[in-house]
Amino acid sequence: MKTLATYSIKGGVGKTTTAVNLAYEAARAGARVLLWDLDPQGAATFCFRVKPLVRGGVERLIGDRRALATNVHATDHAGLHIVPADFSLRHLDLQLDDTKQPTRRLATLLDELADQYDVAILDCPPGITLTSESVFTAVDALLVPTVPTTLSKRTLDQLSAFLAEFRTDQPGLPVVMPFASMVDRRKKLQRELVTGLVEQTPGFLPTVIPNASAVEMMGVQRAPVAVYAPASPAALAFRQLWTDVAARLWD
Amino acid sequence: MLTAPATFTAREHDPSAAIATLTEMGFEFEPARPVTRTLLDTFDGRVHDAGLRLELRDGGGVELIVSGPGAVPAHLSVDSVPRFAADLPPGPLRARLAAIVEVRALLPVVRVTATQARATLRDRAAKAVAIATVHDAVRVDGRGAIDDPPWMIEIDELPGYAKRAAEARDALERIGLIRLDGDTLDVAAATAGVALGGFSSSPTVPLDPAMPAVDGFRAVLANLADTIVANWQGTAEQVDPEFLHDLRIAVRRTRTVVAQGKNVLPPAIVANARERFGWLGALTGPARDLDVYLIEWNGYTATLGADAMTALEPVRLLLERRRESACSTLTEALRSTEATEWMSTWGAWLREAPRDDDARGVHADRRLGAVVAKRVARAQANLVERGRLIRPESPAEQVHDLRKDAKKLRYLLECFASLLPKALRKTYVRRLKAFQDNLGEHQDAEVHTAMLRAISRELHDLGASADTMLAIGQLTERLDQRRIAERAEFTHRFAAYDTAATRRDLDAALDGLT
């Protein structure tokens, strides 16, 4: 099983949107996918119409190795399952801190399901916290949605610097795959910033996710974009994003 | 762990009562539509042996589905039926399948058509919590309609919503439906008598050490003839390289058993069979050598770098053309009257009752166990004697001859496997195989280096680019290094084989035969 995380220090950059659509596209492309909603807001859980309920709360989810499996729910899409979030996940950092090896804990829990799935996608809350460090240890790749602004570039640099330090303790983990998110193609500055990011940032994926009304409709439709707008540029972009990721991880 | 779908049926001729029950529970039915499900597997059933099912489902769109007991099914929309795992787009499904089926083609095992009506039970958020599917008018291609059971209903339990599926199952049981083993595809295939496992090309003949030797040899040869026949068409049609591999091995095993059957089988039969199977074996050689070369090609060239791989493309294309030509020659030979009549004659002789004494070998009535023990012991003694004579300066032909001796011994052990204790046979064969692997790698490097040198001359005359010639030089050197390394390894591998433990294991395995 390959583990990915949609992650950014910043909020509101399209992490959940990416997690939901990428999980759907991965499943559509033949992968057995587990999406783990780690964000107490539970937006990914909401998008799949699953009840926001962690059985036994975050305490049991993190404390009991078998609890992850008992929290798995089918979505309405073949090959795609989700571990829902609820508000108890706001204590995830505290709960991880109570374990023996907090930065190894998420990896240990996911190991229990490694034979069942080809891909696990973790939808992470923003920030650099203990949860983030546990995510960095658990994943093969970090997918970093990057909105084309000068501040986003700075945040990406901060993440790279942090990971460089982190890797000295955890060598080889993880590969960073930033990509342009919420891009308004009509704005010249954004187009130029995207070109610069793709050309100058190592590992930056070429696919651009547009800022589109079809994406905004996800909260209303409660489904991945490709379900209700399959031919939309956004749906096609998420499909291409999965193709890029799969080519890097499986080719 | 995922729970397998529960399948139900009843004696009534239509499922209306069951549909009414599910509708009352809140299941919403979609209009019924025809769905064709084709089970795909390799000829030797690798997907089945891996505990999985590969299904092509056509019910509007076409989907490839990989599933298995307790496993999350993987779904992939496809435009055409994949012939090989490599035909699928890059990703985990291709990686999983490729690891299981390797170079084998995916062939249809059974095709089941039905009218399917899918029903979904949803919660207040309109989320699906249980799925029911009614399968009616089920037909198996080539076997006709399945009328017992007349129809089936599957209840799919969705992870996280076990209770809702359990309620549906209970409701169907309450109205008298009968639960069946397996899902609709399993039930339809079983009812139509379609076996889902593949064909095994490994010798599998139950033998008794006390039986007359001639009966044992005939039984083994008949089993090998079945394997040759089973792989004949796939080889002729060039379905995948493993048909030729399995046919070639079965021919070689036949040649070994016939040669070892001297004085057991009728002399005229031995002479004729040695000649005919020798001819057939020689026919398969060039195509198989080129198959192996092309299968190994990426492994050979990948370490040289992308530029060298591109420069070597003319070589790969030339090998491909030669393989096509060798395969066409083989196909023609396999379809010739000479070949088909021989297999027919051979099959007839194997099936007919043993004839009177003058047509039998002089040792025909000896105990099979004693004859096989003697043959194996002699093959082992020959192998060790010849192996001890090999020095670093010995010519490659001498190593090649030793490889043939090792193969003969291995074939004898495999063909008469049921006579030998399994555990001892496995320990001994493992040691022999480690030694054989070294001989095989050496031989492949030797053959492939020679082939590359010949191709190099040919491409040079055709005006190949300097990059190509340079890359051929690099590859030749790499193969030659490999050949030298394998040759250097020979002494250690042979020493590891030629031990008291090997002799003890073999003696113990043969003890029970005499």
# chains A, B, ... in the order shown; residues from 1 in each chain; ligands from 1

$ residues_around --residues "A:Arg104" --least-positions-apart "4" --cutoff "10 Å" --atoms "only C-alpha atoms" --output "PyMOL selection string"
chain A and resi 96+99-100+108-109+133-138

$ interface_residues --of "chain B" --to "chain A" --cutoff "9 Å" --atoms "only C-alpha atoms" --output "ChimeraX atom specification"
/B:1,64-66,70-77,89-95,125-129,158-161

$ residues_around --residues "stretch 393-397 of chain B" --least-positions-apart "5" --cutoff "9 Å" --atoms "only C-alpha atoms" --output "ChimeraX atom specification"
/B:402,443,446

$ atom_distance --atom1 "atom CA of B:Arg96" --atom2 "atom CA of B:Arg46"
12.2 Å

$ residues_around --residues "stretch 13-24 of chain A" --least-positions-apart "3" --cutoff "8 Å" --atoms "only C-alpha atoms" --output "number ranges by chain"
A: 5-8, 10, 27-28, 33-35, 43-44, 47, 77, 80, 121-124, 144-147, 181-182, 215, 224-226, 235, 238-239, 241-242

$ residues_around --residues "stretch 198-200 of chain A" --least-positions-apart "4" --cutoff "12 Å" --atoms "only C-alpha atoms" --output "PDB file with C-alpha atoms, in the first residue's frame"
ATOM      1  CA  THR A 146      -0.293  25.433  -3.741  1.00  0.00           C
ATOM      2  CA  PRO A 148      -0.354  30.695  -6.922  1.00  0.00           C
ATOM      3  CA  LYS A 153       5.499  29.952  -2.402  1.00  0.00           C
ATOM      4  CA  ASP A 157       9.669  26.891   1.139  1.00  0.00           C
ATOM      5  CA  MET A 177       4.620  16.601  -4.753  1.00  0.00           C
ATOM      6  CA  PRO A 178       3.358  20.172  -4.823  1.00  0.00           C
ATOM      7  CA  PHE A 179       0.853  21.196  -7.470  1.00  0.00           C
ATOM      8  CA  ALA A 180      -1.030  24.353  -8.429  1.00  0.00           C
ATOM      9  CA  ARG A 191      -0.565  32.062 -14.826  1.00  0.00           C
ATOM     10  CA  GLU A 192       2.945  33.471 -14.514  1.00  0.00           C
ATOM     11  CA  LEU A 193       3.309  32.298 -10.918  1.00  0.00           C
ATOM     12  CA  VAL A 194       2.208  28.770 -11.881  1.00  0.00           C
ATOM     13  CA  PHE A 204       6.157  20.212  -8.805  1.00  0.00           C
ATOM     14  CA  LEU A 205       3.435  18.334 -10.682  1.00  0.00           C
ATOM     15  CA  PRO A 206       2.456  19.818 -14.048  1.00  0.00           C
ATOM     16  CA  THR A 207      -1.300  19.483 -13.587  1.00  0.00           C
ATOM     17  CA  VAL A 208      -3.156  22.646 -12.636  1.00  0.00           C
TER      18      VAL A 208
END

$ residues_around --residues "B:Tyr411" --least-positions-apart "6" --cutoff "10 Å" --atoms "only C-alpha atoms" --output "list of chain:residue names"
B:Pro203, B:Ile249, B:Ala250, B:Arg252, B:Arg253, B:Thr254, B:Arg255, B:Thr256, B:Val257, B:Val376, B:Asp405, B:Ala417

$ residues_around --residues "B:Asp136" --least-positions-apart "2" --cutoff "8 Å" --atoms "only C-alpha atoms" --output "number ranges by chain"
B: 114-116, 134, 138, 150-152

$ write_last_selection --atoms "N, CA and C atoms" --output "compact mmCIF listing (two decimals), in the first residue's frame"
# COMPACT_ATOMS: atom_id res chain seq x y z
N ALA B 114 -26.91 -12.24 -17.84
CA ALA B 114 -28.11 -12.24 -17.00
C ALA B 114 -28.81 -10.90 -17.14
N THR B 115 -30.06 -10.89 -16.74
CA THR B 115 -30.75 -9.61 -16.62
C THR B 115 -30.61 -9.21 -15.16
N GLN B 116 -30.03 -8.05 -14.94
CA GLN B 116 -29.77 -7.62 -13.56
C GLN B 116 -30.60 -6.41 -13.20
N VAL B 134 -30.77 -8.42 -8.29
CA VAL B 134 -31.54 -9.59 -8.74
C VAL B 134 -30.97 -10.03 -10.09
N VAL B 138 -30.38 -16.20 -16.28
CA VAL B 138 -28.93 -16.42 -16.27
C VAL B 138 -28.57 -17.48 -17.33
N PRO B 150 -33.56 -20.83 -10.73
CA PRO B 150 -34.13 -20.04 -11.82
C PRO B 150 -33.71 -18.57 -11.77
N TRP B 151 -33.41 -18.07 -10.62
CA TRP B 151 -32.96 -16.68 -10.46
C TRP B 151 -32.22 -16.59 -9.12
N MET B 152 -31.50 -15.50 -8.93
CA MET B 152 -30.74 -15.34 -7.68
C MET B 152 -30.79 -13.87 -7.23

$ select_by_dssp --residues "stretch 14-225 of chain A" --states "strand (DSSP E or B)" --output "NGL selection string"
:A and (29 or 33-37 or 73-74 or 80-83 or 119-123 or 141-146 or 175-183 or 208-210)

$ write_last_selection --atoms "C-alpha atoms" --output "short mmCIF file (atom, residue, chain, number, x, y, z; two decimals), in the first residue's frame"
data_model
loop_
_atom_site.label_atom_id
_atom_site.label_comp_id
_atom_site.auth_asym_id
_atom_site.auth_seq_id
_atom_site.Cartn_x
_atom_site.Cartn_y
_atom_site.Cartn_z
CA ALA A 29 -8.43 3.89 -12.16
CA VAL A 33 -8.49 3.27 -1.87
CA LEU A 34 -8.85 4.18 1.79
CA LEU A 35 -9.42 7.85 2.51
CA TRP A 36 -8.72 8.77 6.13
CA ASP A 37 -10.29 12.05 7.16
CA HIS A 73 -17.08 2.84 5.79
CA ALA A 74 -17.93 2.15 2.17
CA LEU A 80 -13.29 3.66 -2.27
CA HIS A 81 -13.67 3.46 1.50
CA ILE A 82 -13.40 6.18 4.11
CA VAL A 83 -12.52 6.45 7.77
CA VAL A 119 -3.59 3.51 -1.67
CA ALA A 120 -4.35 5.33 1.57
CA ILE A 121 -4.96 9.07 1.30
CA LEU A 122 -4.83 11.11 4.49
CA ASP A 123 -6.75 14.38 4.44
CA ALA A 141 4.26 11.24 -0.72
CA LEU A 142 2.93 14.58 0.42
CA LEU A 143 0.61 16.22 -2.08
CA VAL A 144 0.81 19.93 -1.40
CA PRO A 145 -1.90 22.08 -3.00
CA THR A 146 -0.29 25.43 -3.74
CA VAL A 175 8.46 12.60 -1.41
CA VAL A 176 6.94 16.08 -1.80
CA MET A 177 4.62 16.60 -4.75
CA PRO A 178 3.36 20.17 -4.82
CA PHE A 179 0.85 21.20 -7.47
CA ALA A 180 -1.03 24.35 -8.43
CA SER A 181 -4.46 24.55 -6.83
CA MET A 182 -7.43 26.91 -7.14
CA VAL A 183 -5.90 28.63 -10.15
CA VAL A 208 -3.16 22.65 -12.64
CA ILE A 209 -6.38 22.43 -10.63
CA PRO A 210 -8.66 25.30 -11.61
#

$ decode --residues "stretch 331-348 of chain B" --atoms "N, CA and C atoms" --output "short mmCIF file (atom, residue, chain, number, x, y, z; two decimals), in the first residue's frame"
data_model
loop_
_atom_site.label_atom_id
_atom_site.label_comp_id
_atom_site.auth_asym_id
_atom_site.auth_seq_id
_atom_site.Cartn_x
_atom_site.Cartn_y
_atom_site.Cartn_z
N THR B 331 4.82 -22.56 -35.88
CA THR B 331 3.38 -22.70 -36.09
C THR B 331 3.12 -23.61 -37.30
N GLU B 332 3.86 -23.36 -38.35
CA GLU B 332 3.69 -24.16 -39.57
C GLU B 332 3.97 -25.63 -39.28
N ALA B 333 5.05 -25.86 -38.52
CA ALA B 333 5.42 -27.25 -38.19
C ALA B 333 4.35 -27.91 -37.32
N LEU B 334 3.84 -27.16 -36.35
CA LEU B 334 2.83 -27.74 -35.45
C LEU B 334 1.53 -28.05 -36.19
N ARG B 335 1.28 -27.29 -37.27
CA ARG B 335 0.04 -27.52 -38.03
C ARG B 335 0.27 -28.51 -39.17
N SER B 336 1.49 -29.01 -39.31
CA SER B 336 1.79 -29.93 -40.41
C SER B 336 1.17 -31.30 -40.15
N THR B 337 0.91 -32.00 -41.22
CA THR B 337 0.35 -33.36 -41.11
C THR B 337 1.30 -34.25 -40.34
N GLU B 338 2.60 -34.05 -40.59
CA GLU B 338 3.61 -34.89 -39.94
C GLU B 338 3.49 -34.79 -38.42
N ALA B 339 3.38 -33.55 -37.92
CA ALA B 339 3.33 -33.35 -36.47
C ALA B 339 2.01 -33.84 -35.89
N THR B 340 0.90 -33.48 -36.52
CA THR B 340 -0.40 -33.84 -35.94
C THR B 340 -0.62 -35.36 -36.01
N GLU B 341 -0.17 -35.96 -37.12
CA GLU B 341 -0.34 -37.42 -37.22
C GLU B 341 0.51 -38.14 -36.18
N TRP B 342 1.71 -37.60 -35.94
CA TRP B 342 2.57 -38.25 -34.93
C TRP B 342 1.92 -38.18 -33.56
N MET B 343 1.40 -37.01 -33.18
CA MET B 343 0.78 -36.90 -31.86
C MET B 343 -0.44 -37.80 -31.75
N SER B 344 -1.14 -37.95 -32.87
CA SER B 344 -2.31 -38.82 -32.88
C SER B 344 -1.88 -40.29 -32.71
N THR B 345 -0.82 -40.67 -33.41
CA THR B 345 -0.30 -42.05 -33.30
C THR B 345 0.20 -42.31 -31.89
N TRP B 346 0.92 -41.33 -31.37
CA TRP B 346 1.49 -41.46 -30.02
C TRP B 346 0.38 -41.59 -28.98
N GLY B 347 -0.64 -40.75 -29.10
CA GLY B 347 -1.77 -40.79 -28.18
C GLY B 347 -2.48 -42.14 -28.27
N ALA B 348 -2.64 -42.65 -29.48
CA ALA B 348 -3.33 -43.93 -29.67
C ALA B 348 -2.54 -45.05 -29.00
#
